[in-house]
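Structure file input_36.txt (compact mmCIF, C-alpha atoms and all ligand atoms) follows.
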# COMPACT_ATOMS: atom_id res chain seq x y z
CA MET A 1 0.00 0.00 0.00
CA ASN A 2 1.50 3.32 -1.06
CA ILE A 3 0.53 6.38 0.87
CA VAL A 4 0.33 10.06 0.02
CA LEU A 5 0.01 12.11 3.22
CA SER A 6 -0.37 15.76 4.06
CA GLY A 7 -1.74 18.08 6.70
CA VAL A 8 -2.88 21.65 7.16
CA LYS A 9 -2.99 23.59 10.43
CA PRO A 10 -6.42 24.84 11.58
CA THR A 11 -5.02 28.25 12.48
CA GLY A 12 -7.71 30.22 10.69
CA ILE A 13 -9.99 30.04 7.70
CA PRO A 14 -7.96 28.56 4.81
CA THR A 15 -6.83 31.06 2.21
CA LEU A 16 -6.67 31.03 -1.54
CA GLY A 17 -2.96 30.20 -1.02
CA ASN A 18 -3.84 27.09 0.98
CA TYR A 19 -6.41 26.18 -1.64
CA LEU A 20 -4.12 26.47 -4.65
CA GLY A 21 -0.95 25.29 -2.88
CA ALA A 22 -2.52 22.43 -0.98
CA LEU A 23 -6.24 21.54 -1.14
CA LYS A 24 -6.81 21.79 -4.89
CA ASN A 25 -3.56 20.01 -5.48
CA PHE A 26 -4.56 17.07 -3.27
CA VAL A 27 -7.65 16.59 -5.41
CA LYS A 28 -5.63 16.70 -8.61
CA LEU A 29 -3.16 14.16 -7.23
CA GLN A 30 -5.96 11.92 -6.05
CA ASN A 31 -7.33 11.84 -9.57
CA GLU A 32 -3.90 11.15 -11.11
CA MET A 33 -2.40 8.72 -8.58
CA THR A 34 -5.11 6.11 -8.62
CA ASP A 35 -3.12 3.33 -6.94
CA TYR A 36 -2.26 5.43 -3.88
CA GLU A 37 -4.14 5.81 -0.65
CA PHE A 38 -4.54 9.36 0.67
CA PHE A 39 -4.09 10.29 4.31
CA ILE A 40 -5.02 13.88 4.98
CA PHE A 41 -5.20 15.31 8.46
CA ILE A 42 -5.90 18.44 10.41
CA ALA A 43 -2.72 19.40 12.23
CA ASP A 44 -4.32 20.76 15.39
CA LEU A 45 -1.36 19.89 17.62
CA HIS A 46 0.75 22.02 15.33
CA ALA A 47 -1.80 24.82 15.60
CA ILE A 48 -1.35 25.14 19.38
CA THR A 49 2.36 25.91 18.99
CA ILE A 50 1.06 29.47 18.82
CA PRO A 51 -1.72 30.70 21.16
CA GLN A 52 -5.25 29.87 19.97
CA ASP A 53 -8.70 30.72 21.22
CA PRO A 54 -10.29 27.29 22.04
CA LYS A 55 -13.69 28.21 20.67
CA GLU A 56 -12.26 29.47 17.40
CA LEU A 57 -9.89 26.55 17.14
CA ARG A 58 -12.73 24.04 17.52
CA ALA A 59 -14.66 25.80 14.76
CA ASN A 60 -11.58 26.03 12.53
CA ILE A 61 -10.94 22.29 12.83
CA ARG A 62 -14.46 21.49 11.69
CA ASN A 63 -14.36 24.11 8.94
CA LEU A 64 -11.14 22.70 7.60
CA ALA A 65 -12.48 19.14 7.58
CA ALA A 66 -15.55 20.30 5.66
CA LEU A 67 -13.44 22.34 3.26
CA TYR A 68 -11.21 19.38 2.44
CA LEU A 69 -14.29 17.44 1.37
CA ALA A 70 -15.85 20.45 -0.35
CA CYS A 71 -12.78 20.82 -2.55
CA GLY A 72 -13.56 17.43 -4.04
CA LEU A 73 -11.49 14.86 -2.14
CA ASN A 74 -13.02 11.45 -2.66
CA LYS A 75 -14.15 10.01 0.66
CA GLU A 76 -13.82 6.45 -0.64
CA ARG A 77 -10.07 6.81 -1.09
CA LEU A 78 -9.39 9.12 1.79
CA THR A 79 -8.47 8.70 5.42
CA LEU A 80 -9.36 12.09 6.89
CA PHE A 81 -8.53 12.56 10.55
CA ILE A 82 -7.70 15.00 13.31
CA GLN A 83 -4.09 14.74 14.48
CA SER A 84 -4.79 15.06 18.23
CA GLU A 85 -7.28 12.16 18.07
CA VAL A 86 -4.48 9.76 17.18
CA SER A 87 -2.21 9.79 20.23
CA ALA A 88 0.66 7.99 18.50
CA HIS A 89 1.55 11.33 16.86
CA ILE A 90 2.65 12.76 20.20
CA GLU A 91 4.49 9.56 21.12
CA MET A 92 6.31 9.52 17.83
CA GLY A 93 6.97 13.26 18.10
CA ASN A 94 8.89 12.54 21.27
CA VAL A 95 10.95 9.89 19.53
CA MET A 96 11.74 12.33 16.73
CA GLN A 97 12.78 15.01 19.22
CA SER A 98 15.22 12.54 20.72
CA LEU A 99 16.69 12.07 17.27
CA SER A 100 16.88 15.77 16.24
CA TYR A 101 19.76 18.10 17.01
CA MET A 102 19.27 21.63 18.32
CA GLY A 103 21.36 22.99 15.44
CA GLU A 104 19.07 21.37 12.87
CA LEU A 105 15.95 22.83 14.44
CA GLU A 106 17.55 26.25 14.83
CA ARG A 107 18.18 26.40 11.10
CA MET A 108 14.49 26.08 10.16
CA THR A 109 13.41 29.29 8.44
CA GLN A 110 9.76 28.98 9.52
CA PHE A 111 10.92 29.00 13.15
CA LYS A 112 13.31 31.88 12.53
CA ASP A 113 10.59 33.93 10.78
CA LYS A 114 8.10 33.42 13.63
CA MET A 115 10.85 34.27 16.12
CA ILE A 116 11.49 37.59 14.37
CA LYS A 117 7.76 38.39 14.22
CA ASN A 118 7.21 37.68 17.91
CA PRO A 119 10.47 37.18 19.84
CA ASN A 120 8.86 36.99 23.30
CA GLY A 121 6.10 34.60 22.35
CA VAL A 122 8.10 31.70 20.97
CA THR A 123 7.11 28.43 22.62
CA ALA A 124 9.27 25.34 23.00
CA ALA A 125 6.73 23.49 20.85
CA LEU A 126 7.27 25.93 18.01
CA PHE A 127 10.92 25.02 18.14
CA THR A 128 10.25 21.27 18.06
CA TYR A 129 7.46 21.65 15.48
CA PRO A 130 9.47 19.99 12.67
CA ALA A 131 10.07 16.88 14.82
CA LEU A 132 6.31 16.47 15.23
CA MET A 133 5.85 16.99 11.51
CA ALA A 134 8.41 14.28 10.78
CA ALA A 135 6.46 12.04 13.17
CA ASP A 136 3.21 12.68 11.27
CA ILE A 137 4.81 11.53 8.04
CA LEU A 138 6.98 8.64 9.18
CA LEU A 139 4.28 6.97 11.30
CA TYR A 140 2.45 6.05 8.10
CA ASP A 141 5.49 5.37 5.92
CA ALA A 142 4.17 7.96 3.50
CA LYS A 143 5.87 7.77 0.13
CA PHE A 144 4.87 11.22 -1.07
CA VAL A 145 4.08 14.40 0.83
CA PRO A 146 2.44 17.14 -1.23
CA VAL A 147 3.12 20.55 0.30
CA GLY A 148 3.82 24.12 -0.73
CA ASP A 149 7.27 25.52 -1.21
CA ASP A 150 7.45 26.79 2.39
CA GLN A 151 7.56 23.24 3.77
CA LYS A 152 10.51 22.04 1.72
CA GLN A 153 13.01 22.45 4.54
CA HIS A 154 10.81 20.51 6.98
CA LEU A 155 10.56 17.68 4.49
CA GLU A 156 14.33 17.57 4.09
CA LEU A 157 14.69 17.30 7.85
CA THR A 158 12.11 14.49 7.88
CA ARG A 159 14.17 12.61 5.31
CA ASP A 160 17.33 13.11 7.38
CA LEU A 161 15.60 11.81 10.51
CA ALA A 162 14.24 8.77 8.65
CA ASN A 163 17.69 7.93 7.31
CA ARG A 164 19.28 8.50 10.72
CA PHE A 165 16.85 6.12 12.41
CA ASN A 166 17.21 3.53 9.64
CA ASN A 167 21.00 3.66 9.91
CA ARG A 168 21.03 3.37 13.69
CA PHE A 169 18.28 0.84 14.26
CA GLY A 170 17.83 -0.97 10.96
CA ASP A 171 15.39 -0.39 8.13
CA THR A 172 12.22 0.98 9.70
CA PHE A 173 10.93 3.95 7.72
CA GLN A 174 10.07 4.74 4.16
CA VAL A 175 12.09 7.86 3.28
CA PRO A 176 9.40 10.25 1.99
CA GLU A 177 9.60 12.44 -1.06
CA ILE A 178 8.22 15.93 -1.38
CA LEU A 179 5.63 16.53 -4.09
CA LEU A 180 5.86 20.23 -4.81
CA THR A 181 2.79 21.93 -6.15
CA LYS A 182 3.67 22.97 -9.70
CA VAL A 183 1.71 26.17 -10.12
CA GLY A 184 0.59 27.97 -6.99
CA ALA A 185 3.28 26.71 -4.61
CA ARG A 186 3.61 30.15 -3.08
CA ILE A 187 0.76 32.59 -3.50
CA LYS A 188 1.68 36.03 -2.23
CA ASP A 189 -0.27 38.57 -0.24
CA LEU A 190 -2.31 40.75 -2.63
CA GLN A 191 -1.33 43.97 -0.85
CA ASP A 192 2.30 43.02 -0.18
CA PRO A 193 3.59 40.56 -2.75
CA SER A 194 6.89 40.23 -0.89
CA LYS A 195 5.26 37.96 1.72
CA LYS A 196 3.19 34.80 1.38
CA MET A 197 -0.58 34.84 1.78
CA SER A 198 -1.04 33.37 5.25
CA LYS A 199 -4.20 32.37 7.11
CA SER A 200 -2.88 33.42 10.49
CA ASP A 201 -2.45 37.02 9.34
CA ASP A 202 -4.90 39.71 10.35
CA SER A 203 -8.37 38.47 9.36
CA GLN A 204 -9.33 41.96 8.18
CA SER A 205 -6.45 41.93 5.72
CA LYS A 206 -7.33 43.04 2.21
CA GLY A 207 -4.32 41.13 0.90
CA CYS A 208 -5.61 37.74 1.90
CA ILE A 209 -8.53 35.88 0.33
CA TYR A 210 -10.27 33.49 2.71
CA LEU A 211 -12.21 30.56 1.29
CA LEU A 212 -15.30 31.55 3.27
CA ASP A 213 -15.23 35.25 2.30
CA PRO A 214 -18.43 36.41 0.57
CA LEU A 215 -17.90 36.32 -3.19
CA ASN A 216 -18.27 40.08 -3.59
CA VAL A 217 -15.52 40.61 -1.01
CA ILE A 218 -13.26 38.22 -2.91
CA LYS A 219 -13.82 40.12 -6.15
CA LYS A 220 -13.12 43.41 -4.44
CA LYS A 221 -9.86 42.14 -2.94
CA ILE A 222 -8.65 41.01 -6.36
CA LYS A 223 -9.59 44.25 -8.02
CA SER A 224 -7.70 46.26 -5.41
CA ALA A 225 -4.55 44.07 -5.52
CA VAL A 226 -1.26 45.97 -5.75
CA THR A 227 0.34 45.93 -9.22
CA ASP A 228 2.74 48.37 -10.91
CA SER A 229 2.63 51.37 -13.18
CA GLU A 230 3.70 49.65 -16.39
CA ALA A 231 0.19 48.28 -17.04
CA ILE A 232 1.39 45.38 -19.20
CA VAL A 233 0.31 41.86 -18.26
CA ARG A 234 3.71 40.18 -18.22
CA TYR A 235 5.19 37.54 -15.90
CA ASP A 236 8.30 38.92 -14.19
CA VAL A 237 8.50 38.03 -10.51
CA GLU A 238 11.44 40.23 -9.79
CA ASN A 239 10.28 43.49 -11.33
CA LYS A 240 6.51 42.92 -11.38
CA PRO A 241 5.74 40.78 -8.32
CA GLY A 242 2.12 41.91 -7.96
CA ILE A 243 0.92 41.09 -11.46
CA SER A 244 3.06 37.93 -11.52
CA ASN A 245 1.28 36.74 -8.38
CA LEU A 246 -2.12 37.41 -9.97
CA MET A 247 -1.01 35.56 -13.10
CA THR A 248 -0.01 32.59 -10.93
CA ILE A 249 -3.51 32.52 -9.46
CA TYR A 250 -5.00 32.79 -12.95
CA SER A 251 -2.82 29.99 -14.25
CA ALA A 252 -3.44 27.68 -11.27
CA ILE A 253 -7.19 27.88 -11.81
CA THR A 254 -7.46 27.92 -15.60
CA ASN A 255 -4.37 25.80 -16.43
CA LEU A 256 -3.34 28.43 -19.00
CA SER A 257 0.42 28.99 -19.17
CA PHE A 258 1.93 32.41 -18.44
CA SER A 259 2.65 33.03 -22.12
CA GLU A 260 -0.93 32.11 -23.04
CA ILE A 261 -2.19 34.58 -20.46
CA GLU A 262 0.21 37.27 -21.73
CA LYS A 263 -1.07 36.75 -25.27
CA LYS A 264 -4.69 36.84 -24.16
CA TYR A 265 -4.22 40.24 -22.49
CA GLU A 266 -1.92 41.83 -25.06
CA GLY A 267 -2.90 45.45 -25.55
CA LYS A 268 -5.31 45.33 -22.60
CA GLY A 269 -4.71 46.96 -19.23
CA TYR A 270 -4.76 45.60 -15.72
CA GLY A 271 -8.44 46.50 -15.31
CA ASP A 272 -9.59 43.89 -17.84
CA PHE A 273 -7.26 41.27 -16.46
CA LYS A 274 -8.26 41.85 -12.84
CA GLY A 275 -11.96 41.91 -13.75
CA ASP A 276 -11.69 38.51 -15.44
CA LEU A 277 -9.58 37.07 -12.64
CA ALA A 278 -12.10 38.25 -10.05
CA GLU A 279 -14.84 36.30 -11.87
CA ILE A 280 -12.69 33.20 -12.31
CA VAL A 281 -11.71 33.06 -8.63
CA ALA A 282 -15.24 33.82 -7.42
CA GLU A 283 -16.67 31.06 -9.60
CA GLU A 284 -14.12 28.51 -8.37
CA ILE A 285 -14.53 29.40 -4.69
CA GLY A 286 -18.29 29.71 -5.09
CA LYS A 287 -18.47 26.02 -6.03
CA VAL A 288 -16.41 25.07 -2.99
CA GLN A 289 -18.63 27.17 -0.70
CA GLU A 290 -21.77 25.54 -2.06
CA LYS A 291 -20.52 22.06 -1.16
CA TYR A 292 -19.14 23.31 2.14
CA ASN A 293 -22.59 24.54 3.16
CA GLN A 294 -24.03 21.09 2.52
CA ILE A 295 -21.36 19.33 4.58
CA ILE A 296 -20.55 21.57 7.54
CA ASN A 297 -23.50 20.62 9.75
CA SER A 298 -23.95 17.07 8.47
CA LYS A 299 -23.63 13.85 10.43
CA GLU A 300 -21.65 12.45 7.55
CA LEU A 301 -18.74 14.73 8.38
CA ASP A 302 -18.45 13.17 11.83
CA GLU A 303 -18.76 9.69 10.39
CA ILE A 304 -15.91 10.33 7.98
CA LEU A 305 -13.76 11.73 10.79
CA ASN A 306 -14.58 8.73 13.05
CA GLN A 307 -13.63 6.26 10.33
CA GLY A 308 -10.45 8.23 9.67
CA ARG A 309 -9.51 8.23 13.33
CA GLU A 310 -9.96 4.47 13.55
CA ARG A 311 -7.93 3.64 10.48
CA ALA A 312 -5.13 6.06 11.35
CA THR A 313 -5.00 4.80 14.95
CA GLN A 314 -4.69 1.22 13.81
CA ILE A 315 -1.71 1.90 11.53
CA ALA A 316 0.02 4.42 13.78
CA THR A 317 -0.26 2.32 16.95
CA ARG A 318 1.22 -0.70 15.26
CA LYS A 319 4.09 1.43 13.99
CA ILE A 320 4.91 3.14 17.27
CA HIS A 321 5.08 -0.23 19.05
CA LYS A 322 7.52 -1.43 16.43
CA ILE A 323 9.62 1.69 16.95
CA TYR A 324 9.60 1.36 20.75
CA HIS A 325 10.76 -2.21 20.31
CA LYS A 326 13.64 -1.12 18.08
CA LEU A 327 14.61 1.58 20.56
CA GLY A 328 14.49 -0.89 23.43
CA ILE A 329 11.89 1.03 25.44
CA GLY A 330 8.83 -0.44 27.12
CA ARG A 331 8.14 -4.16 26.69
CA PHE A 332 7.08 -4.19 23.06
P1 LIG B 401 -0.07 29.85 9.11
O1 LIG B 401 -0.43 31.21 8.62
O2 LIG B 401 -0.80 29.44 10.32
O3 LIG B 401 1.42 29.64 9.25
P2 LIG B 401 -0.47 28.91 6.46
O4 LIG B 401 -1.59 29.65 5.87
O5 LIG B 401 0.89 29.29 6.07
O6 LIG B 401 -0.58 28.85 8.03
P3 LIG B 401 -0.27 26.04 6.61
O7 LIG B 401 -1.29 25.38 7.43
O8 LIG B 401 1.10 26.20 7.19
O9 LIG B 401 -0.78 27.43 6.08
O10 LIG B 401 -0.10 25.29 5.24
C1 LIG B 401 -1.00 24.39 4.67
C2 LIG B 401 -0.57 24.04 3.29
O11 LIG B 401 -0.80 25.16 2.45
C3 LIG B 401 0.91 23.69 3.15
O12 LIG B 401 1.07 22.64 2.22
C4 LIG B 401 1.50 24.95 2.64
O13 LIG B 401 2.67 24.70 1.90
C5 LIG B 401 0.40 25.50 1.77
N1 LIG B 401 0.43 26.95 1.70
C6 LIG B 401 0.36 27.81 2.73
N2 LIG B 401 0.40 29.09 2.32
C7 LIG B 401 0.52 29.02 0.97
C8 LIG B 401 0.62 30.00 -0.06
N3 LIG B 401 0.60 31.29 0.23
N4 LIG B 401 0.70 29.59 -1.33
C9 LIG B 401 0.69 28.28 -1.63
N5 LIG B 401 0.61 27.30 -0.72
C10 LIG B 401 0.52 27.66 0.57
N1 LIG B 402 3.80 22.11 8.79
C1 LIG B 402 2.78 21.99 7.81
C2 LIG B 402 1.55 21.30 8.29
C3 LIG B 402 1.90 19.89 8.58
C4 LIG B 402 2.18 18.88 7.62
C5 LIG B 402 2.49 17.72 8.38
C6 LIG B 402 2.24 18.85 6.23
C7 LIG B 402 2.01 19.32 9.80
N2 LIG B 402 2.36 18.02 9.68
C8 LIG B 402 2.84 16.53 7.73
C9 LIG B 402 2.58 17.65 5.61
C10 LIG B 402 2.88 16.52 6.36
C11 LIG B 402 2.43 23.40 7.42
O1 LIG B 402 2.66 24.31 8.13
N3 LIG B 402 1.89 23.53 6.28
Show me, as structure tokens, the structure contained in the file I just sent.
Ligand code: ATP
Ligand code: LTN
Amino acid sequence: MNIVLSGVKPTGIPTLGNYLGALKNFVKLQNEMTDYEFFIFIADLHAITIPQDPKELRANIRNLAALYLACGLNKERLTLFIQSEVSAHIEMGNVMQSLSYMGELERMTQFKDKMIKNPNGVTAALFTYPALMAADILLYDAKFVPVGDDQKQHLELTRDLANRFNNRFGDTFQVPEILLTKVGARIKDLQDPSKKMSKSDDSQSKGCIYLLDPLNVIKKKIKSAVTDSEAIVRYDVENKPGISNLMTIYSAITNLSFSEIEKKYEGKGYGDFKGDLAEIVAEEIGKVQEKYNQIINSKELDEILNQGRERATQIATRKIHKIYHKLGIGRF
């Protein structure tokens, strides 16, 4: 059984960046990789590495589960579960911490970035975050891990930890490979294209499109996105980051290449381009919202999560016992 596994943190309402970089991509992969099983989870233990309001967190977990399904993941081929409901993740996280070096964790750019943003609020769990992420992946012997560009470094660490364990204790883990999203791996903030669109940013932000925003708000945010004064639709990340970001969004949804988009808008200004993009994005997200509304309060959502929890627990518990045995701890 070959497994594709990924997770998203329930730290807010997912953004268009999460959708294009992660959710939509999972669906595409599920349709292409027909002989793989998909394990997708809600990384709520990762979410609490930064302070969360319990009420909001509970709602965000359910929203995310519903959004995964609303994006078109096939429940027949999916194990969808909540990380904290499978206790082997914490157990394995501890094993991975015992295997990781301080220096390795200190080099992680996600940790360094969060440290700069909020130097007094950095928790120990934020520091050991990548060890828990490695645990999530290695517990299931996932072969492929589809993630956005920002998670590349964490995946490399996971591979190092898998190899380290295999070398010390004998072949135990599948060494996972990253599956980078081709188009849409790093959607930028619409108001500040130097930073990535992030769901934990200010929820009033005009630069961030949330999947549950009303469609008219989404259109407005696209139309007021920052561009440049040249007014030519041309892909050039360095000199024209704003329009290049919008073209990435356009391409990820329509599958048109950058040169096809450039040709289509030759001689037209940004107004036409943004107007079309606003409609394209609103139509795509509108479909997701429609399905989301059918699922969010349904019993079926809980049934899917219960089944997911059971299947994940079965595999992960067996694996952690095997690992404890190899380490010589407990009586396994
Ligand atoms: P946070 O703001 O809490 O750090 P986030 O919005 O960056 O969260 P994650 O939960 O860390 O999102 O990421 C979920 C998935 O979405 C990952 O695979 C990640 O690579 C992808 N992703 C996140 N932001 C973007 C983005 N701006 N563009 C493309 N993919 C993204
Ligand atoms: N760190 C990831 C979320 C995450 C994840 C994982 C992704 C936690 N565990 C395991 C893939 C596999 C993030 O911030 N996007």
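Counting only C-alpha atoms and comparing A:Asp136, A:Asp113, A:Asp150, A:Glu266, the residue that lies closest to Ile315 in chain A is A:Asp136.
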Close residues to ligand LIG 402 (chain B) using all atoms listed in the file, limit 10 Å, as a ChimeraX atom specification: /A:4-11,18,21-22,39-47,83,89,110,129-138,142,144-152,154-155,158,178
All residues 12 Å or closer to Pro51 in chain A, all atoms listed in the file, same chain fewer than 6 positions away omitted, as a ChimeraX atom specification: /A:11,44-45,57,118,121-123,125-126,200
Non-local contacts of range 230-234 of chain A (6 Å; only C-alpha atoms; under 4 positions in same chain excluded) as a list in words: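 Everything that qualifies: Glu262, Gly269 and Tyr270 of chain A.
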Name the residues in contact with Ser100 in chain A at a cut-off of 10 Å, using only C-alpha atoms, excluding same-chain residues fewer than 5 positions from it; report them as a PDB file with C-alpha atoms, keeping the file's coordinate frame.
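Result file follows (out_23.pdb):
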ATOM      1  CA  ASN A  94       8.890  12.540  21.270  1.00  0.00           C
ATOM      2  CA  VAL A  95      10.950   9.890  19.530  1.00  0.00           C
ATOM      3  CA  LEU A 105      15.950  22.830  14.440  1.00  0.00           C
ATOM      4  CA  THR A 128      10.250  21.270  18.060  1.00  0.00           C
ATOM      5  CA  PRO A 130       9.470  19.990  12.670  1.00  0.00           C
ATOM      6  CA  ALA A 131      10.070  16.880  14.820  1.00  0.00           C
ATOM      7  CA  LEU A 157      14.690  17.300   7.850  1.00  0.00           C
ATOM      8  CA  THR A 158      12.110  14.490   7.880  1.00  0.00           C
ATOM      9  CA  ASP A 160      17.330  13.110   7.380  1.00  0.00           C
ATOM     10  CA  LEU A 161      15.600  11.810  10.510  1.00  0.00           C
ATOM     11  CA  ARG A 164      19.280   8.500  10.720  1.00  0.00           C
TER      12      ARG A 164
END
Within 12 Å of file point (-6.6, 41.3, 7.8), counting all atoms listed in the file, expressed as JSON, numbers by chain: {"A": [12, 13, 15, 189, 190, 191, 197, 198, 199, 200, 201, 202, 203, 204, 205, 206, 207, 208, 209, 210, 213, 221]}
Let me know the centre plus edge lengths, in Å and rounded to one decimal, of a box with edges along x, y and z that contains all listed atoms of range 316-321 of chain A and is padded by 3 Å on every side, as JSON.
{"center_x": 2.4, "center_y": 1.9, "center_z": 16.4, "size_x": 11.3, "size_y": 11.1, "size_z": 11.3}
Who sits within 9 Å of Asn245 in chain A, all atoms listed in the file, same chain under 6 positions skipped, as an MDAnalysis selection string: chainID A and resid 184 186:190 193 235 237
